[in-house]
Amino acid sequence: MSKRVAVVTGANKGIGLAIVKGLCKAGFSGDILLTARNEKLGQDAVAGLKSEGCKNVIFHQLDICDQGSSLKLKKFLEEKYGGLDVFINNAGMAFKHSATEPFGEQAEVTMRTNFWGTLWVCHALLPILRPNARVVNVSSFVSKKSLDQCSPELQAKFRNKDLSEEELCLLMGEFVQAAQAGDHTAQGWPNTAYGTTKIGVTVLSRIQARVLTETRPGDGILLNACCPGWVRTDMAGPNATKGPEEGAETPVYLAMLPEGAKEPHGQLVWDKTVQEW
């Protein structure tokens with residue numbers, strides 16, 4: 001039996017760091033790879049966790065916007081562990097309300113990290129999931145709010161259970177083009193780059209779960225999107241209602257669903273509760 005392994009992206013601070021800590025406290029039996037773009041910040045985070053008693057945490061560099069970086073991580077996992085057991089896609093970004101960049105630029109940059117980056121790292125790592133693996137894509141309650149602000153036509157597309165990954169990618173591309181042209185609201189899109197990228201993450205999760213059910217029906221793999229809540233981080237600011245440890249509760253709960261569990265799968269989960277999409 002190869003040693004079990006978990007990967008958490010964007011994990012040098014905030015919710016990602018709290019998720020790594022939460023997996024340690026929950027007794028994850030194996031190595032936990034804390035990944036981050038910046039090697040020094042990642043190594044410092046690991047050193048901090050080790051001093052708190054999390055001995056099974058290892059740093060590995062990962063920039064989700066660099067497809068080569070994701071493939072390097074895949075190679076490392078295959079060679080050292082022979083697969084992957086827990087995969088938590090936490091890396092993401094948002095512009096501040098005070099940002100002065102044009103909306104079209106904000107849309108492109110936010111989409112590149114939150115949607116395309118998540119998609120690329122999934123393309124690299126989902127094929128090496130072991131039976132009974134758990135995958136958690138960190139989305140946001142803003143995805144649901146933003147979906148409700150879409151035109152009825154777009155809402156129907158995003159709720160369509162048969163939507164393909166290719167169709168979703170085209171829709172995300174259309175939003176960025178519309179945002180750059182300045183007519184995204186006229187085309188039925190919400191006026192939020194972050195929210196639209198998180199619609200993408202939630203819908204991608206529904207598609208990925210469906211594909212896993214079709215292609216690996218007996219393997220007991222569960223994949224969900226989750227909302228950590230409004231958490232005090234560099235991204236959300238100091239006024240948010242939850243601390244990072246509270247924000248990590250639902251992702252850790254989904255990552256630690258017991259072997260043999262059949263659900264949730266392909267859902268958006270908030271405060272450990274499945275949300276209507």
# chains A, B, ... in the order shown; residues from 1 in each chain; ligands from 1
>>> residues_around(residues="region 61-69 of chain A", least_positions_apart="4", cutoff="9 Å", atoms="only C-alpha atoms", output="PyMOL selection string")
chain A and resi 9-10+34-39+42+73-74+91+112-113+116-121+124
>>> write_last_selection(atoms="N, CA, C and O atoms", output="PDB file, in the first residue's frame")
ATOM      1  N   THR A   9      -4.184  23.504  -2.492  1.00  0.00           N
ATOM      2  CA  THR A   9      -3.596  24.582  -3.296  1.00  0.00           C
ATOM      3  C   THR A   9      -3.806  25.938  -2.608  1.00  0.00           C
ATOM      4  O   THR A   9      -4.738  26.107  -1.828  1.00  0.00           O
ATOM      5  N   GLY A  10      -2.917  26.876  -2.908  1.00  0.00           N
ATOM      6  CA  GLY A  10      -3.014  28.224  -2.326  1.00  0.00           C
ATOM      7  C   GLY A  10      -3.017  28.177  -0.817  1.00  0.00           C
ATOM      8  O   GLY A  10      -3.849  28.797  -0.158  1.00  0.00           O
ATOM      9  N   LEU A  34       1.306  21.024   1.242  1.00  0.00           N
ATOM     10  CA  LEU A  34       0.918  22.430   1.266  1.00  0.00           C
ATOM     11  C   LEU A  34       1.555  23.054   0.026  1.00  0.00           C
ATOM     12  O   LEU A  34       2.774  23.078  -0.100  1.00  0.00           O
ATOM     13  N   THR A  35       0.735  23.506  -0.910  1.00  0.00           N
ATOM     14  CA  THR A  35       1.293  24.078  -2.134  1.00  0.00           C
ATOM     15  C   THR A  35       1.023  25.575  -2.197  1.00  0.00           C
ATOM     16  O   THR A  35       0.025  26.071  -1.675  1.00  0.00           O
ATOM     17  N   ALA A  36       1.974  26.282  -2.812  1.00  0.00           N
ATOM     18  CA  ALA A  36       1.861  27.732  -2.993  1.00  0.00           C
ATOM     19  C   ALA A  36       2.772  28.134  -4.144  1.00  0.00           C
ATOM     20  O   ALA A  36       3.686  27.392  -4.502  1.00  0.00           O
ATOM     21  N   ARG A  37       2.503  29.311  -4.716  1.00  0.00           N
ATOM     22  CA  ARG A  37       3.352  29.814  -5.805  1.00  0.00           C
ATOM     23  C   ARG A  37       4.738  30.161  -5.293  1.00  0.00           C
ATOM     24  O   ARG A  37       5.739  29.875  -5.922  1.00  0.00           O
ATOM     25  N   ASN A  38       4.771  30.825  -4.121  1.00  0.00           N
ATOM     26  CA  ASN A  38       6.015  31.370  -3.597  1.00  0.00           C
ATOM     27  C   ASN A  38       6.671  30.366  -2.653  1.00  0.00           C
ATOM     28  O   ASN A  38       6.115  30.022  -1.608  1.00  0.00           O
ATOM     29  N   GLU A  39       7.858  29.898  -3.046  1.00  0.00           N
ATOM     30  CA  GLU A  39       8.552  28.854  -2.284  1.00  0.00           C
ATOM     31  C   GLU A  39       8.837  29.281  -0.842  1.00  0.00           C
ATOM     32  O   GLU A  39       8.603  28.534   0.101  1.00  0.00           O
ATOM     33  N   GLY A  42       5.710  29.429   1.268  1.00  0.00           N
ATOM     34  CA  GLY A  42       5.247  28.054   1.496  1.00  0.00           C
ATOM     35  C   GLY A  42       6.081  27.337   2.541  1.00  0.00           C
ATOM     36  O   GLY A  42       5.548  26.700   3.461  1.00  0.00           O
ATOM     37  N   LEU A  73       3.819  18.682 -10.495  1.00  0.00           N
ATOM     38  CA  LEU A  73       3.226  18.156  -9.262  1.00  0.00           C
ATOM     39  C   LEU A  73       2.655  16.755  -9.506  1.00  0.00           C
ATOM     40  O   LEU A  73       2.830  15.845  -8.692  1.00  0.00           O
ATOM     41  N   LYS A  74       2.005  16.574 -10.646  1.00  0.00           N
ATOM     42  CA  LYS A  74       1.452  15.257 -10.998  1.00  0.00           C
ATOM     43  C   LYS A  74       2.565  14.199 -11.019  1.00  0.00           C
ATOM     44  O   LYS A  74       2.416  13.109 -10.450  1.00  0.00           O
ATOM     45  N   ALA A  91      -6.828  27.618  -4.136  1.00  0.00           N
ATOM     46  CA  ALA A  91      -6.188  28.818  -4.705  1.00  0.00           C
ATOM     47  C   ALA A  91      -7.203  29.667  -5.472  1.00  0.00           C
ATOM     48  O   ALA A  91      -7.999  29.148  -6.247  1.00  0.00           O
ATOM     49  N   ARG A 112      -8.563  33.789 -15.145  1.00  0.00           N
ATOM     50  CA  ARG A 112      -7.365  32.983 -15.381  1.00  0.00           C
ATOM     51  C   ARG A 112      -7.001  32.167 -14.135  1.00  0.00           C
ATOM     52  O   ARG A 112      -6.650  31.000 -14.223  1.00  0.00           O
ATOM     53  N   THR A 113      -7.087  32.783 -12.972  1.00  0.00           N
ATOM     54  CA  THR A 113      -6.756  32.049 -11.743  1.00  0.00           C
ATOM     55  C   THR A 113      -7.917  31.157 -11.296  1.00  0.00           C
ATOM     56  O   THR A 113      -7.767  29.944 -11.151  1.00  0.00           O
ATOM     57  N   TRP A 116      -9.705  29.028 -14.990  1.00  0.00           N
ATOM     58  CA  TRP A 116      -8.771  28.291 -15.842  1.00  0.00           C
ATOM     59  C   TRP A 116      -7.700  27.587 -15.015  1.00  0.00           C
ATOM     60  O   TRP A 116      -7.360  26.428 -15.284  1.00  0.00           O
ATOM     61  N   GLY A 117      -7.177  28.261 -13.994  1.00  0.00           N
ATOM     62  CA  GLY A 117      -6.161  27.643 -13.139  1.00  0.00           C
ATOM     63  C   GLY A 117      -6.693  26.389 -12.463  1.00  0.00           C
ATOM     64  O   GLY A 117      -6.040  25.340 -12.439  1.00  0.00           O
ATOM     65  N   THR A 118      -7.910  26.497 -11.925  1.00  0.00           N
ATOM     66  CA  THR A 118      -8.550  25.336 -11.278  1.00  0.00           C
ATOM     67  C   THR A 118      -8.757  24.213 -12.291  1.00  0.00           C
ATOM     68  O   THR A 118      -8.481  23.039 -12.008  1.00  0.00           O
ATOM     69  N   LEU A 119      -9.206  24.576 -13.481  1.00  0.00           N
ATOM     70  CA  LEU A 119      -9.434  23.575 -14.538  1.00  0.00           C
ATOM     71  C   LEU A 119      -8.130  22.862 -14.907  1.00  0.00           C
ATOM     72  O   LEU A 119      -8.082  21.636 -15.017  1.00  0.00           O
ATOM     73  N   TRP A 120      -7.056  23.643 -15.085  1.00  0.00           N
ATOM     74  CA  TRP A 120      -5.778  23.055 -15.513  1.00  0.00           C
ATOM     75  C   TRP A 120      -5.211  22.108 -14.468  1.00  0.00           C
ATOM     76  O   TRP A 120      -4.722  21.032 -14.802  1.00  0.00           O
ATOM     77  N   VAL A 121      -5.277  22.496 -13.205  1.00  0.00           N
ATOM     78  CA  VAL A 121      -4.720  21.616 -12.165  1.00  0.00           C
ATOM     79  C   VAL A 121      -5.590  20.362 -12.031  1.00  0.00           C
ATOM     80  O   VAL A 121      -5.082  19.260 -11.778  1.00  0.00           O
ATOM     81  N   ALA A 124      -4.626  17.907 -14.674  1.00  0.00           N
ATOM     82  CA  ALA A 124      -3.390  17.211 -14.322  1.00  0.00           C
ATOM     83  C   ALA A 124      -3.638  16.131 -13.260  1.00  0.00           C
ATOM     84  O   ALA A 124      -3.120  15.017 -13.373  1.00  0.00           O
TER      85      ALA A 124
END
>>> residues_around(residues="Asp44 (chain A)", least_positions_apart="2", cutoff="12 Å", atoms="only C-alpha atoms", output="VMD selection string")
chain A and resid 11 to 13 17 34 to 36 38 to 42 46 to 51 57 to 59
>>> decode(residues="region 236-267 of chain A", atoms="N, CA and C atoms", output="compact mmCIF listing (two decimals), in the first residue's frame")
# COMPACT_ATOMS: atom_id res chain seq x y z
N ALA A 236 -10.70 38.89 1.68
CA ALA A 236 -12.04 39.37 2.06
C ALA A 236 -11.99 40.56 3.01
N GLY A 237 -10.83 40.77 3.65
CA GLY A 237 -10.72 41.91 4.55
C GLY A 237 -11.07 41.58 5.99
N PRO A 238 -10.90 42.57 6.90
CA PRO A 238 -11.02 42.32 8.34
C PRO A 238 -12.45 42.29 8.88
N ASN A 239 -13.44 42.69 8.07
CA ASN A 239 -14.81 42.80 8.59
C ASN A 239 -15.63 41.52 8.45
N ALA A 240 -15.04 40.51 7.80
CA ALA A 240 -15.77 39.26 7.56
C ALA A 240 -16.15 38.59 8.88
N THR A 241 -17.17 37.73 8.82
CA THR A 241 -17.77 37.19 10.04
C THR A 241 -17.08 35.95 10.59
N LYS A 242 -16.30 35.23 9.75
CA LYS A 242 -15.69 33.98 10.20
C LYS A 242 -14.17 34.10 10.25
N GLY A 243 -13.55 33.36 11.17
CA GLY A 243 -12.10 33.21 11.16
C GLY A 243 -11.71 32.12 10.18
N PRO A 244 -10.42 32.06 9.77
CA PRO A 244 -9.99 31.03 8.81
C PRO A 244 -10.30 29.60 9.25
N GLU A 245 -10.17 29.32 10.57
CA GLU A 245 -10.45 27.95 11.05
C GLU A 245 -11.91 27.58 10.78
N GLU A 246 -12.82 28.54 11.00
CA GLU A 246 -14.25 28.28 10.72
C GLU A 246 -14.46 28.10 9.22
N GLY A 247 -13.75 28.90 8.41
CA GLY A 247 -13.85 28.79 6.96
C GLY A 247 -13.39 27.43 6.45
N ALA A 248 -12.44 26.82 7.18
CA ALA A 248 -11.88 25.53 6.77
C ALA A 248 -12.78 24.35 7.13
N GLU A 249 -13.79 24.58 7.97
CA GLU A 249 -14.59 23.45 8.50
C GLU A 249 -15.27 22.64 7.40
N THR A 250 -15.97 23.31 6.48
CA THR A 250 -16.69 22.58 5.43
C THR A 250 -15.74 21.89 4.45
N PRO A 251 -14.67 22.57 3.96
CA PRO A 251 -13.73 21.85 3.09
C PRO A 251 -13.13 20.61 3.76
N VAL A 252 -12.76 20.72 5.05
CA VAL A 252 -12.17 19.58 5.76
C VAL A 252 -13.20 18.47 5.93
N TYR A 253 -14.43 18.86 6.27
CA TYR A 253 -15.52 17.87 6.41
C TYR A 253 -15.70 17.08 5.11
N LEU A 254 -15.71 17.78 3.97
CA LEU A 254 -15.89 17.10 2.67
C LEU A 254 -14.68 16.24 2.31
N ALA A 255 -13.49 16.69 2.70
CA ALA A 255 -12.26 15.94 2.41
C ALA A 255 -12.18 14.66 3.23
N MET A 256 -12.83 14.68 4.40
CA MET A 256 -12.74 13.54 5.33
C MET A 256 -14.01 12.68 5.34
N LEU A 257 -14.87 12.85 4.32
CA LEU A 257 -16.07 12.00 4.25
C LEU A 257 -15.63 10.53 4.30
N PRO A 258 -16.28 9.71 5.14
CA PRO A 258 -15.78 8.34 5.35
C PRO A 258 -15.91 7.46 4.11
N GLU A 259 -15.03 6.47 4.04
CA GLU A 259 -15.09 5.49 2.96
C GLU A 259 -16.47 4.84 2.98
N GLY A 260 -17.05 4.66 1.79
CA GLY A 260 -18.39 4.07 1.71
C GLY A 260 -19.49 5.11 1.63
N ALA A 261 -19.18 6.38 1.95
CA ALA A 261 -20.18 7.45 1.83
C ALA A 261 -20.56 7.60 0.36
N LYS A 262 -21.83 7.84 0.09
CA LYS A 262 -22.32 7.97 -1.28
C LYS A 262 -22.60 9.44 -1.63
N GLU A 263 -22.75 10.27 -0.63
CA GLU A 263 -23.07 11.68 -0.86
C GLU A 263 -22.52 12.52 0.27
N PRO A 264 -22.42 13.85 0.11
CA PRO A 264 -22.75 14.59 -1.11
C PRO A 264 -21.75 14.31 -2.24
N HIS A 265 -22.20 14.51 -3.47
CA HIS A 265 -21.36 14.35 -4.66
C HIS A 265 -21.91 15.26 -5.74
N GLY A 266 -21.06 16.13 -6.28
CA GLY A 266 -21.50 17.06 -7.32
C GLY A 266 -22.38 18.18 -6.80
N GLN A 267 -22.22 18.51 -5.51
CA GLN A 267 -23.08 19.51 -4.88
C GLN A 267 -22.27 20.76 -4.50
